[in-house]
>>> print(open('coords-v8.pdb').read())   # PDB, C-alpha atoms
ATOM      1  CA  MET A   1       0.000   0.000   0.000  1.00  0.00           C
ATOM      2  CA  LEU A   2       1.278   3.447  -0.953  1.00  0.00           C
ATOM      3  CA  HIS A   3       0.525   6.195   1.598  1.00  0.00           C
ATOM      4  CA  ILE A   4       0.861   9.882   0.666  1.00  0.00           C
ATOM      5  CA  GLY A   5      -0.412  12.261   3.323  1.00  0.00           C
ATOM      6  CA  ASN A   6      -3.977  11.182   4.113  1.00  0.00           C
ATOM      7  CA  TYR A   7      -4.271   9.227   0.861  1.00  0.00           C
ATOM      8  CA  SER A   8      -3.708   5.486   0.431  1.00  0.00           C
ATOM      9  CA  PHE A   9      -3.368   3.593  -2.852  1.00  0.00           C
ATOM     10  CA  GLU A  10      -3.082  -0.073  -3.733  1.00  0.00           C
ATOM     11  CA  SER A  11      -1.187   0.631  -6.946  1.00  0.00           C
ATOM     12  CA  ARG A  12       2.290   2.137  -6.915  1.00  0.00           C
ATOM     13  CA  LEU A  13       1.932   3.292 -10.514  1.00  0.00           C
ATOM     14  CA  LEU A  14       0.784   6.872 -11.083  1.00  0.00           C
ATOM     15  CA  LEU A  15      -0.178   7.465 -14.700  1.00  0.00           C
ATOM     16  CA  GLY A  16      -0.200  10.577 -16.861  1.00  0.00           C
ATOM     17  CA  THR A  17      -3.104  11.202 -19.203  1.00  0.00           C
ATOM     18  CA  GLY A  18      -1.536  13.209 -22.043  1.00  0.00           C
ATOM     19  CA  LYS A  19       0.100  12.352 -25.384  1.00  0.00           C
ATOM     20  CA  TYR A  20      -2.166   9.440 -26.349  1.00  0.00           C
ATOM     21  CA  GLU A  21      -3.177   9.190 -30.006  1.00  0.00           C
ATOM     22  CA  ASP A  22      -6.850   8.861 -29.175  1.00  0.00           C
ATOM     23  CA  ALA A  23      -9.273   8.607 -26.265  1.00  0.00           C
ATOM     24  CA  GLN A  24      -9.902   4.875 -26.699  1.00  0.00           C
ATOM     25  CA  THR A  25      -6.207   4.036 -26.430  1.00  0.00           C
ATOM     26  CA  GLN A  26      -5.914   6.285 -23.403  1.00  0.00           C
ATOM     27  CA  ARG A  27      -8.832   4.573 -21.692  1.00  0.00           C
ATOM     28  CA  GLU A  28      -7.577   1.044 -22.415  1.00  0.00           C
ATOM     29  CA  ALA A  29      -4.069   1.900 -21.221  1.00  0.00           C
ATOM     30  CA  VAL A  30      -5.406   3.368 -17.978  1.00  0.00           C
ATOM     31  CA  ILE A  31      -7.446   0.227 -17.361  1.00  0.00           C
ATOM     32  CA  ALA A  32      -4.482  -2.043 -18.157  1.00  0.00           C
ATOM     33  CA  SER A  33      -2.236  -0.125 -15.754  1.00  0.00           C
ATOM     34  CA  LYS A  34      -4.606  -0.680 -12.819  1.00  0.00           C
ATOM     35  CA  THR A  35      -3.508   2.698 -11.486  1.00  0.00           C
ATOM     36  CA  ASN A  36      -5.378   4.496  -8.736  1.00  0.00           C
ATOM     37  CA  VAL A  37      -3.948   7.941  -9.572  1.00  0.00           C
ATOM     38  CA  LEU A  38      -4.247   9.946 -12.768  1.00  0.00           C
ATOM     39  CA  THR A  39      -2.156  13.052 -13.254  1.00  0.00           C
ATOM     40  CA  PHE A  40      -2.713  15.872 -15.711  1.00  0.00           C
ATOM     41  CA  ALA A  41      -1.576  19.428 -16.381  1.00  0.00           C
ATOM     42  CA  LEU A  42      -3.879  22.079 -14.955  1.00  0.00           C
ATOM     43  CA  SER A  43      -2.841  24.428 -17.734  1.00  0.00           C
ATOM     44  CA  ARG A  44      -4.599  22.129 -20.227  1.00  0.00           C
ATOM     45  CA  ILE A  45      -7.991  22.315 -18.504  1.00  0.00           C
ATOM     46  CA  ASP A  46     -10.613  25.045 -18.383  1.00  0.00           C
ATOM     47  CA  LEU A  47     -11.116  25.072 -14.625  1.00  0.00           C
ATOM     48  CA  ASP A  48     -14.264  27.174 -14.892  1.00  0.00           C
ATOM     49  CA  ASN A  49     -15.917  24.713 -17.229  1.00  0.00           C
ATOM     50  CA  ILE A  50     -14.429  21.248 -16.891  1.00  0.00           C
ATOM     51  CA  GLY A  51     -14.446  19.652 -20.352  1.00  0.00           C
ATOM     52  CA  PRO A  52     -13.380  18.962 -22.907  1.00  0.00           C
ATOM     53  CA  ASP A  53     -10.169  17.997 -21.167  1.00  0.00           C
ATOM     54  CA  PRO A  54      -7.479  15.279 -21.046  1.00  0.00           C
ATOM     55  CA  ILE A  55      -9.578  13.015 -18.815  1.00  0.00           C
ATOM     56  CA  GLU A  56     -13.092  13.632 -20.106  1.00  0.00           C
ATOM     57  CA  HIS A  57     -13.318  10.066 -21.454  1.00  0.00           C
ATOM     58  CA  LEU A  58     -12.307   8.465 -18.158  1.00  0.00           C
ATOM     59  CA  PRO A  59     -14.492   7.666 -15.148  1.00  0.00           C
ATOM     60  CA  ARG A  60     -13.121  10.282 -12.741  1.00  0.00           C
ATOM     61  CA  GLU A  61     -14.914   8.820  -9.750  1.00  0.00           C
ATOM     62  CA  GLU A  62     -12.773   5.668  -9.995  1.00  0.00           C
ATOM     63  CA  PHE A  63      -9.479   7.523  -9.569  1.00  0.00           C
ATOM     64  CA  THR A  64      -7.742  10.030  -7.369  1.00  0.00           C
ATOM     65  CA  LEU A  65      -6.770  12.978  -9.541  1.00  0.00           C
ATOM     66  CA  LEU A  66      -3.299  14.460  -9.139  1.00  0.00           C
ATOM     67  CA  PRO A  67      -3.217  17.790 -10.965  1.00  0.00           C
ATOM     68  CA  ASN A  68       0.195  19.224 -11.750  1.00  0.00           C
ATOM     69  CA  THR A  69       1.375  22.748 -12.373  1.00  0.00           C
ATOM     70  CA  ALA A  70       3.272  21.985 -15.598  1.00  0.00           C
ATOM     71  CA  GLY A  71       3.689  25.151 -17.604  1.00  0.00           C
ATOM     72  CA  ALA A  72       4.364  27.288 -14.542  1.00  0.00           C
ATOM     73  CA  LYS A  73       7.619  29.211 -14.744  1.00  0.00           C
ATOM     74  CA  THR A  74       7.439  30.795 -11.277  1.00  0.00           C
ATOM     75  CA  ALA A  75       6.241  29.846  -7.823  1.00  0.00           C
ATOM     76  CA  ASP A  76       3.425  32.375  -8.088  1.00  0.00           C
ATOM     77  CA  GLU A  77       2.118  30.756 -11.272  1.00  0.00           C
ATOM     78  CA  ALA A  78       2.245  27.294  -9.693  1.00  0.00           C
ATOM     79  CA  VAL A  79       0.423  28.493  -6.579  1.00  0.00           C
ATOM     80  CA  ARG A  80      -2.269  30.184  -8.659  1.00  0.00           C
ATOM     81  CA  LEU A  81      -2.931  26.973 -10.609  1.00  0.00           C
ATOM     82  CA  ALA A  82      -3.085  24.913  -7.398  1.00  0.00           C
ATOM     83  CA  ARG A  83      -5.572  27.292  -5.816  1.00  0.00           C
ATOM     84  CA  LEU A  84      -7.764  27.205  -8.913  1.00  0.00           C
ATOM     85  CA  ALA A  85      -7.733  23.402  -8.865  1.00  0.00           C
ATOM     86  CA  ARG A  86      -8.811  23.228  -5.235  1.00  0.00           C
ATOM     87  CA  SER A  87     -11.514  25.867  -5.650  1.00  0.00           C
ATOM     88  CA  SER A  88     -12.852  23.894  -8.618  1.00  0.00           C
ATOM     89  CA  GLY A  89     -13.164  20.799  -6.416  1.00  0.00           C
ATOM     90  CA  ILE A  90     -10.612  18.689  -8.287  1.00  0.00           C
ATOM     91  CA  CYS A  91      -8.280  17.686  -5.459  1.00  0.00           C
ATOM     92  CA  ASP A  92      -6.178  19.187  -2.680  1.00  0.00           C
ATOM     93  CA  MET A  93      -3.241  16.971  -3.647  1.00  0.00           C
ATOM     94  CA  ILE A  94      -0.937  18.752  -6.077  1.00  0.00           C
ATOM     95  CA  LYS A  95       2.236  17.950  -7.972  1.00  0.00           C
ATOM     96  CA  VAL A  96       4.317  21.116  -7.955  1.00  0.00           C
ATOM     97  CA  GLU A  97       6.179  21.487 -11.229  1.00  0.00           C
ATOM     98  CA  VAL A  98       8.059  24.699 -12.020  1.00  0.00           C
ATOM     99  CA  ILE A  99      10.267  24.373 -15.091  1.00  0.00           C
ATOM    100  CA  GLY A 100      13.379  26.526 -15.051  1.00  0.00           C
ATOM    101  CA  ASP A 101      15.185  25.394 -18.189  1.00  0.00           C
ATOM    102  CA  PRO A 102      12.910  24.965 -21.244  1.00  0.00           C
ATOM    103  CA  PRO A 103      15.402  23.018 -23.418  1.00  0.00           C
ATOM    104  CA  THR A 104      15.896  20.304 -20.794  1.00  0.00           C
ATOM    105  CA  LEU A 105      12.610  20.774 -18.889  1.00  0.00           C
ATOM    106  CA  LEU A 106      14.578  20.581 -15.649  1.00  0.00           C
ATOM    107  CA  PRO A 107      12.825  22.075 -12.609  1.00  0.00           C
ATOM    108  CA  ASN A 108      13.721  25.398 -11.052  1.00  0.00           C
ATOM    109  CA  PRO A 109      14.758  24.384  -7.504  1.00  0.00           C
ATOM    110  CA  VAL A 110      14.302  27.818  -5.902  1.00  0.00           C
ATOM    111  CA  GLU A 111      10.825  28.437  -7.302  1.00  0.00           C
ATOM    112  CA  THR A 112       9.781  24.827  -6.660  1.00  0.00           C
ATOM    113  CA  LEU A 113      10.688  25.026  -2.977  1.00  0.00           C
ATOM    114  CA  LYS A 114       9.012  28.421  -2.692  1.00  0.00           C
ATOM    115  CA  ALA A 115       5.744  27.107  -4.165  1.00  0.00           C
ATOM    116  CA  THR A 116       5.977  23.979  -2.021  1.00  0.00           C
ATOM    117  CA  GLU A 117       6.245  25.999   1.182  1.00  0.00           C
ATOM    118  CA  ILE A 118       3.347  28.299   0.289  1.00  0.00           C
ATOM    119  CA  LEU A 119       1.020  25.430  -0.635  1.00  0.00           C
ATOM    120  CA  LEU A 120       1.942  23.412   2.451  1.00  0.00           C
ATOM    121  CA  ASN A 121       1.050  26.400   4.617  1.00  0.00           C
ATOM    122  CA  GLU A 122      -2.313  26.518   2.849  1.00  0.00           C
ATOM    123  CA  GLY A 123      -3.075  22.894   3.680  1.00  0.00           C
ATOM    124  CA  PHE A 124      -2.380  21.214   0.346  1.00  0.00           C
ATOM    125  CA  THR A 125      -0.947  17.717   0.034  1.00  0.00           C
ATOM    126  CA  VAL A 126       2.204  18.619  -1.883  1.00  0.00           C
ATOM    127  CA  LEU A 127       4.414  16.465  -4.105  1.00  0.00           C
ATOM    128  CA  PRO A 128       7.259  18.539  -5.593  1.00  0.00           C
ATOM    129  CA  TYR A 129       8.889  17.441  -8.837  1.00  0.00           C
ATOM    130  CA  LEU A 130      12.671  17.803  -8.378  1.00  0.00           C
ATOM    131  CA  SER A 131      15.934  17.019 -10.083  1.00  0.00           C
ATOM    132  CA  ASP A 132      17.879  14.064  -8.660  1.00  0.00           C
ATOM    133  CA  ASP A 133      19.677  16.190  -6.051  1.00  0.00           C
ATOM    134  CA  PRO A 134      19.778  14.564  -2.591  1.00  0.00           C
ATOM    135  CA  MET A 135      20.215  17.908  -0.810  1.00  0.00           C
ATOM    136  CA  LEU A 136      17.270  19.415  -2.662  1.00  0.00           C
ATOM    137  CA  ALA A 137      15.159  16.419  -1.687  1.00  0.00           C
ATOM    138  CA  LYS A 138      16.171  16.984   1.953  1.00  0.00           C
ATOM    139  CA  GLU A 139      15.131  20.627   1.739  1.00  0.00           C
ATOM    140  CA  ALA A 140      11.729  19.721   0.311  1.00  0.00           C
ATOM    141  CA  GLU A 141      11.152  17.102   2.978  1.00  0.00           C
ATOM    142  CA  ALA A 142      12.218  19.537   5.709  1.00  0.00           C
ATOM    143  CA  LEU A 143       9.545  21.940   4.494  1.00  0.00           C
ATOM    144  CA  GLY A 144       6.972  19.198   5.017  1.00  0.00           C
ATOM    145  CA  ALA A 145       6.453  17.814   1.505  1.00  0.00           C
ATOM    146  CA  HIS A 146       4.243  14.725   1.626  1.00  0.00           C
ATOM    147  CA  ALA A 147       6.301  12.941  -1.053  1.00  0.00           C
ATOM    148  CA  ILE A 148       9.410  13.616  -3.126  1.00  0.00           C
ATOM    149  CA  MET A 149       9.332  13.205  -6.916  1.00  0.00           C
ATOM    150  CA  PRO A 150      12.890  13.108  -8.320  1.00  0.00           C
ATOM    151  CA  GLY A 151      13.349  12.695 -12.051  1.00  0.00           C
ATOM    152  CA  ALA A 152      15.231   9.656 -13.305  1.00  0.00           C
ATOM    153  CA  SER A 153      16.228  11.740 -16.354  1.00  0.00           C
ATOM    154  CA  PRO A 154      14.695  14.653 -18.301  1.00  0.00           C
ATOM    155  CA  ILE A 155      10.950  14.605 -18.953  1.00  0.00           C
ATOM    156  CA  GLY A 156       9.978  12.479 -21.928  1.00  0.00           C
ATOM    157  CA  SER A 157      13.574  11.485 -22.688  1.00  0.00           C
ATOM    158  CA  GLY A 158      13.162   7.774 -22.018  1.00  0.00           C
ATOM    159  CA  LEU A 159      16.791   7.662 -20.895  1.00  0.00           C
ATOM    160  CA  GLY A 160      15.982   5.751 -17.730  1.00  0.00           C
ATOM    161  CA  ILE A 161      17.972   6.288 -14.532  1.00  0.00           C
ATOM    162  CA  VAL A 162      21.000   8.380 -15.484  1.00  0.00           C
ATOM    163  CA  ASN A 163      22.304   8.835 -11.942  1.00  0.00           C
ATOM    164  CA  PRO A 164      21.519   5.736  -9.867  1.00  0.00           C
ATOM    165  CA  TYR A 165      23.817   6.813  -7.032  1.00  0.00           C
ATOM    166  CA  ASN A 166      21.937  10.056  -6.423  1.00  0.00           C
ATOM    167  CA  LEU A 167      18.574   8.361  -6.745  1.00  0.00           C
ATOM    168  CA  GLN A 168      19.545   5.727  -4.198  1.00  0.00           C
ATOM    169  CA  LEU A 169      20.758   8.430  -1.802  1.00  0.00           C
ATOM    170  CA  ILE A 170      17.429  10.230  -2.068  1.00  0.00           C
ATOM    171  CA  ILE A 171      15.517   7.010  -1.396  1.00  0.00           C
ATOM    172  CA  GLU A 172      17.721   5.978   1.523  1.00  0.00           C
ATOM    173  CA  GLN A 173      17.551   9.341   3.293  1.00  0.00           C
ATOM    174  CA  SER A 174      13.861  10.102   2.755  1.00  0.00           C
ATOM    175  CA  LYS A 175      11.276   9.477   5.431  1.00  0.00           C
ATOM    176  CA  VAL A 176       8.432  10.320   3.059  1.00  0.00           C
ATOM    177  CA  PRO A 177       7.498   8.381  -0.099  1.00  0.00           C
ATOM    178  CA  VAL A 178       9.780   8.764  -3.097  1.00  0.00           C
ATOM    179  CA  ILE A 179       7.943   8.659  -6.420  1.00  0.00           C
ATOM    180  CA  VAL A 180      10.345   8.453  -9.352  1.00  0.00           C
ATOM    181  CA  ASP A 181       9.026  10.808 -11.992  1.00  0.00           C
ATOM    182  CA  ALA A 182      10.234  11.539 -15.537  1.00  0.00           C
ATOM    183  CA  GLY A 183      12.629   9.767 -17.872  1.00  0.00           C
ATOM    184  CA  ILE A 184      11.470   6.180 -17.377  1.00  0.00           C
ATOM    185  CA  GLY A 185      11.538   4.563 -20.822  1.00  0.00           C
ATOM    186  CA  ALA A 186      11.130   0.816 -20.409  1.00  0.00           C
ATOM    187  CA  PRO A 187       9.846  -1.656 -17.812  1.00  0.00           C
ATOM    188  CA  HIS A 188      13.364  -2.476 -16.644  1.00  0.00           C
ATOM    189  CA  ASP A 189      13.859   1.196 -15.706  1.00  0.00           C
ATOM    190  CA  ALA A 190      10.776   1.123 -13.508  1.00  0.00           C
ATOM    191  CA  CYS A 191      11.782  -2.219 -12.002  1.00  0.00           C
ATOM    192  CA  GLU A 192      15.280  -0.909 -11.229  1.00  0.00           C
ATOM    193  CA  ALA A 193      13.929   2.159  -9.445  1.00  0.00           C
ATOM    194  CA  MET A 194      11.569   0.029  -7.373  1.00  0.00           C
ATOM    195  CA  GLN A 195      14.376  -2.398  -6.573  1.00  0.00           C
ATOM    196  CA  TYR A 196      16.295   0.540  -5.075  1.00  0.00           C
ATOM    197  CA  GLY A 197      13.372   1.064  -2.710  1.00  0.00           C
ATOM    198  CA  ALA A 198      11.328   3.729  -4.497  1.00  0.00           C
ATOM    199  CA  ASP A 199       7.753   3.849  -3.288  1.00  0.00           C
ATOM    200  CA  GLY A 200       6.200   4.432  -6.686  1.00  0.00           C
ATOM    201  CA  ILE A 201       6.662   5.477 -10.299  1.00  0.00           C
ATOM    202  CA  LEU A 202       4.923   8.205 -12.282  1.00  0.00           C
ATOM    203  CA  LEU A 203       4.741   7.551 -16.034  1.00  0.00           C
ATOM    204  CA  ASN A 204       3.315   9.201 -19.091  1.00  0.00           C
ATOM    205  CA  SER A 205       5.400   9.220 -22.285  1.00  0.00           C
ATOM    206  CA  ALA A 206       6.754   5.708 -21.741  1.00  0.00           C
ATOM    207  CA  VAL A 207       3.219   4.382 -22.012  1.00  0.00           C
ATOM    208  CA  ALA A 208       1.443   6.920 -24.215  1.00  0.00           C
ATOM    209  CA  LYS A 209       4.145   6.990 -26.918  1.00  0.00           C
ATOM    210  CA  ALA A 210       4.875   3.242 -26.932  1.00  0.00           C
ATOM    211  CA  THR A 211       4.068   1.289 -30.081  1.00  0.00           C
ATOM    212  CA  ASP A 212       1.366  -0.489 -28.082  1.00  0.00           C
ATOM    213  CA  PRO A 213       0.428   1.723 -25.119  1.00  0.00           C
ATOM    214  CA  VAL A 214      -1.975  -0.815 -23.647  1.00  0.00           C
ATOM    215  CA  LYS A 215       0.617  -3.586 -23.523  1.00  0.00           C
ATOM    216  CA  MET A 216       3.208  -1.162 -22.185  1.00  0.00           C
ATOM    217  CA  ALA A 217       0.867  -0.027 -19.417  1.00  0.00           C
ATOM    218  CA  ASN A 218       0.478  -3.635 -18.305  1.00  0.00           C
ATOM    219  CA  ALA A 219       4.231  -4.254 -18.640  1.00  0.00           C
ATOM    220  CA  MET A 220       4.985  -1.247 -16.439  1.00  0.00           C
ATOM    221  CA  ARG A 221       2.454  -2.438 -13.880  1.00  0.00           C
ATOM    222  CA  LEU A 222       4.134  -5.839 -13.698  1.00  0.00           C
ATOM    223  CA  ALA A 223       7.641  -4.334 -13.597  1.00  0.00           C
ATOM    224  CA  ILE A 224       6.712  -2.116 -10.674  1.00  0.00           C
ATOM    225  CA  LEU A 225       5.225  -5.074  -8.831  1.00  0.00           C
ATOM    226  CA  ALA A 226       8.337  -7.178  -9.505  1.00  0.00           C
ATOM    227  CA  GLY A 227      10.687  -4.411  -8.425  1.00  0.00           C
ATOM    228  CA  ARG A 228       8.827  -3.838  -5.187  1.00  0.00           C
ATOM    229  CA  GLU A 229       8.691  -7.568  -4.417  1.00  0.00           C
ATOM    230  CA  GLY A 230      12.405  -7.838  -5.125  1.00  0.00           C
ATOM    231  CA  TYR A 231      13.180  -4.903  -2.836  1.00  0.00           C
ATOM    232  CA  GLU A 232      11.108  -6.330  -0.012  1.00  0.00           C
ATOM    233  CA  ALA A 233      12.606  -9.811  -0.528  1.00  0.00           C
ATOM    234  CA  GLY A 234      16.160  -8.493  -0.233  1.00  0.00           C
ATOM    235  CA  ARG A 235      18.700  -9.243  -2.943  1.00  0.00           C
ATOM    236  CA  ILE A 236      21.867 -11.228  -2.310  1.00  0.00           C
ATOM    237  CA  PRO A 237      25.091  -9.245  -1.790  1.00  0.00           C
ATOM    238  CA  LYS A 238      27.224  -8.671  -4.867  1.00  0.00           C
ATOM    239  CA  SER A 239      30.514 -10.569  -4.886  1.00  0.00           C
ATOM    240  CA  ASN A 240      33.560 -10.834  -7.119  1.00  0.00           C
ATOM    241  CA  VAL A 241      33.969 -14.467  -6.058  1.00  0.00           C
ATOM    242  CA  ALA A 242      31.856 -17.225  -7.585  1.00  0.00           C
ATOM    243  CA  THR A 243      29.886 -19.402  -5.185  1.00  0.00           C
ATOM    244  CA  ALA A 244      28.502 -22.766  -6.272  1.00  0.00           C
ATOM    245  CA  SER A 245      24.755 -23.162  -5.996  1.00  0.00           C
ATOM    246  CA  SER A 246      25.120 -26.792  -4.912  1.00  0.00           C
ATOM    247  CA  PRO A 247      27.525 -27.996  -2.182  1.00  0.00           C
ATOM    248  CA  GLN A 248      30.560 -29.793  -3.598  1.00  0.00           C
ATOM    249  CA  GLU A 249      32.548 -30.686  -0.476  1.00  0.00           C
ATOM    250  CA  ASN A 250      31.575 -34.373  -0.373  1.00  0.00           C
ATOM    251  CA  TRP A 251      31.552 -35.069  -4.117  1.00  0.00           C
ATOM    252  CA  ALA A 252      35.040 -36.613  -4.068  1.00  0.00           C
ATOM    253  CA  ASN A 253      33.984 -39.170  -1.397  1.00  0.00           C
ATOM    254  CA  SER A 254      30.689 -40.143  -2.954  1.00  0.00           C
TER
END
>>> encode(input="coords-v8.pdb", output="structure tokens")
Amino acid sequence: MLHIGNYSFESRLLLGTGKYEDAQTQREAVIASKTNVLTFALSRIDLDNIGPDPIEHLPREEFTLLPNTAGAKTADEAVRLARLARSSGICDMIKVEVIGDPPTLLPNPVETLKATEILLNEGFTVLPYLSDDPMLAKEAEALGAHAIMPGASPIGSGLGIVNPYNLQLIIEQSKVPVIVDAGIGAPHDACEAMQYGADGILLNSAVAKATDPVKMANAMRLAILAGREGYEAGRIPKSNVATASSPQENWANS
């Protein structure tokens, strides 16, 4: 079970709703993923008149919605979007995303932390999207963030985990859930992150832009389950010395 603030979810896969070729594919992929959480950009929705929008073809009542502030370039813009979402009755859980470098889509750490602090003081459940900086993750957690969302690599890149050492440090030091967000390209990326001890994975492009999004959604679901099971089971220590699987001491006397 994944716990974020006062929310609890059976699935550890959080799924984005954009970039699908059509509504039917989107719907089938969401179903195949068995996610409990759908995320979407607030900037793509008319908050005064919900619809048409990225999730109009999905049964909203079956999911917890996680709006994000993608498109915001400052803390003030992110805060404004979050307030509009809550006043529209969407959700009080928000993914804070403030992009500071358009070519790489890397987050602005100063503005992200500023927006995080403001929204926490206003009673939001806040999940800041961050670069894979362990010290930045510590700062966000110290502010009271309900979860940390470090990127594995740049948004939509599909590069997978480019800095496993930093990601492992973030996971090991965090006392709140760590949701790996951005850059996951294949099921083995998701499985690797979960094997490190991540609490969940947020995906969009890896599923929506796959050749078969529905199959990929199911593959990601299974990879996340396998990675979590492997983490909880505890892997064997790595060794430079081979060890036989079967005892050989008494072979010579048999």
>>> atom_distance(input="coords-v8.pdb", atom1="atom CA of A:Ser88", atom2="atom CA of A:Val30")
23.8 Å
>>> residues_around(input="coords-v8.pdb", residues="A:Val207", least_positions_apart="3", cutoff="9 Å", atoms="only C-alpha atoms", output="ChimeraX atom specification")
/A:15-16,20,29,185-186,203-204,210-217,220
>>> resolve_selection(input="coords-v8.pdb", expression="the PyMOL selection byres ((chain A and resi 157) around 12)", output="list in words")
Pro103, Thr104, Leu105, Leu106, Gly151, Ala152, Ser153, Pro154, Ile155, Gly156, Gly158, Leu159, Gly160, Ile161, Val162, Asp181, Ala182, Gly183, Ile184, Gly185, Ala186, Leu203, Asn204, Ser205, Ala206 and Lys209 of chain A
>>> residues_around(input="coords-v8.pdb", residues="A:Met149", least_positions_apart="4", cutoff="9 Å", atoms="all atoms listed in the file", output="number ranges by chain")
A: 95, 127-132, 137, 177-182, 201-202
>>> resolve_selection(input="coords-v8.pdb", expression="the PyMOL selection byres ((chain A and resi 175) around 12)", output="list in words")
His3, Ile4, Ala137, Lys138, Ala140, Glu141, Ala142, Gly144, Ala145, His146, Ala147, Ile148, Leu169, Ile170, Ile171, Glu172, Gln173, Ser174, Val176, Pro177, Val178, Gly197, Ala198 and Asp199 of chain A
>>> resolve_selection(input="coords-v8.pdb", expression="the PyMOL selection byres ((chain A and resi 109) around 8)", output="MDAnalysis selection string")
chainID A and resid 100 107:108 110:113 130:131 136
>>> closest_residue(input="coords-v8.pdb", among="A:Ala208, A:Gln195, A:Thr243, A:Gly5", to="A:Asp22", atoms="all atoms listed in the file")
A:Ala208
>>> residues_around(input="coords-v8.pdb", residues="A:Leu66", least_positions_apart="4", cutoff="8 Å", atoms="all atoms listed in the file", output="ChimeraX atom specification")
/A:37-40,91,93-95
>>> atom_distance(input="coords-v8.pdb", atom1="atom CA of A:Ser8", atom2="atom CA of A:Thr125")
12.5 Å
>>> atom_distance(input="coords-v8.pdb", atom1="atom CA of A:Leu2", atom2="atom CA of A:Gly200")
7.6 Å
>>> axis_aligned_box(input="coords-v8.pdb", around="stretch 17-24 of chain A", padding_each_side="6 Å", output="JSON")
{"center_x": -4.9, "center_y": 9.0, "center_z": -24.6, "size_x": 22.0, "size_y": 20.3, "size_z": 22.8}
>>> closest_residue(input="coords-v8.pdb", among="A:Leu119, A:Leu14, A:Ala219, A:Val98", to="A:Thr74", atoms="all atoms listed in the file")
A:Val98
>>> closest_residue(input="coords-v8.pdb", among="A:Pro187, A:Pro102, A:Gly123, A:Pro164", to="A:Ala82", atoms="all atoms listed in the file")
A:Gly123
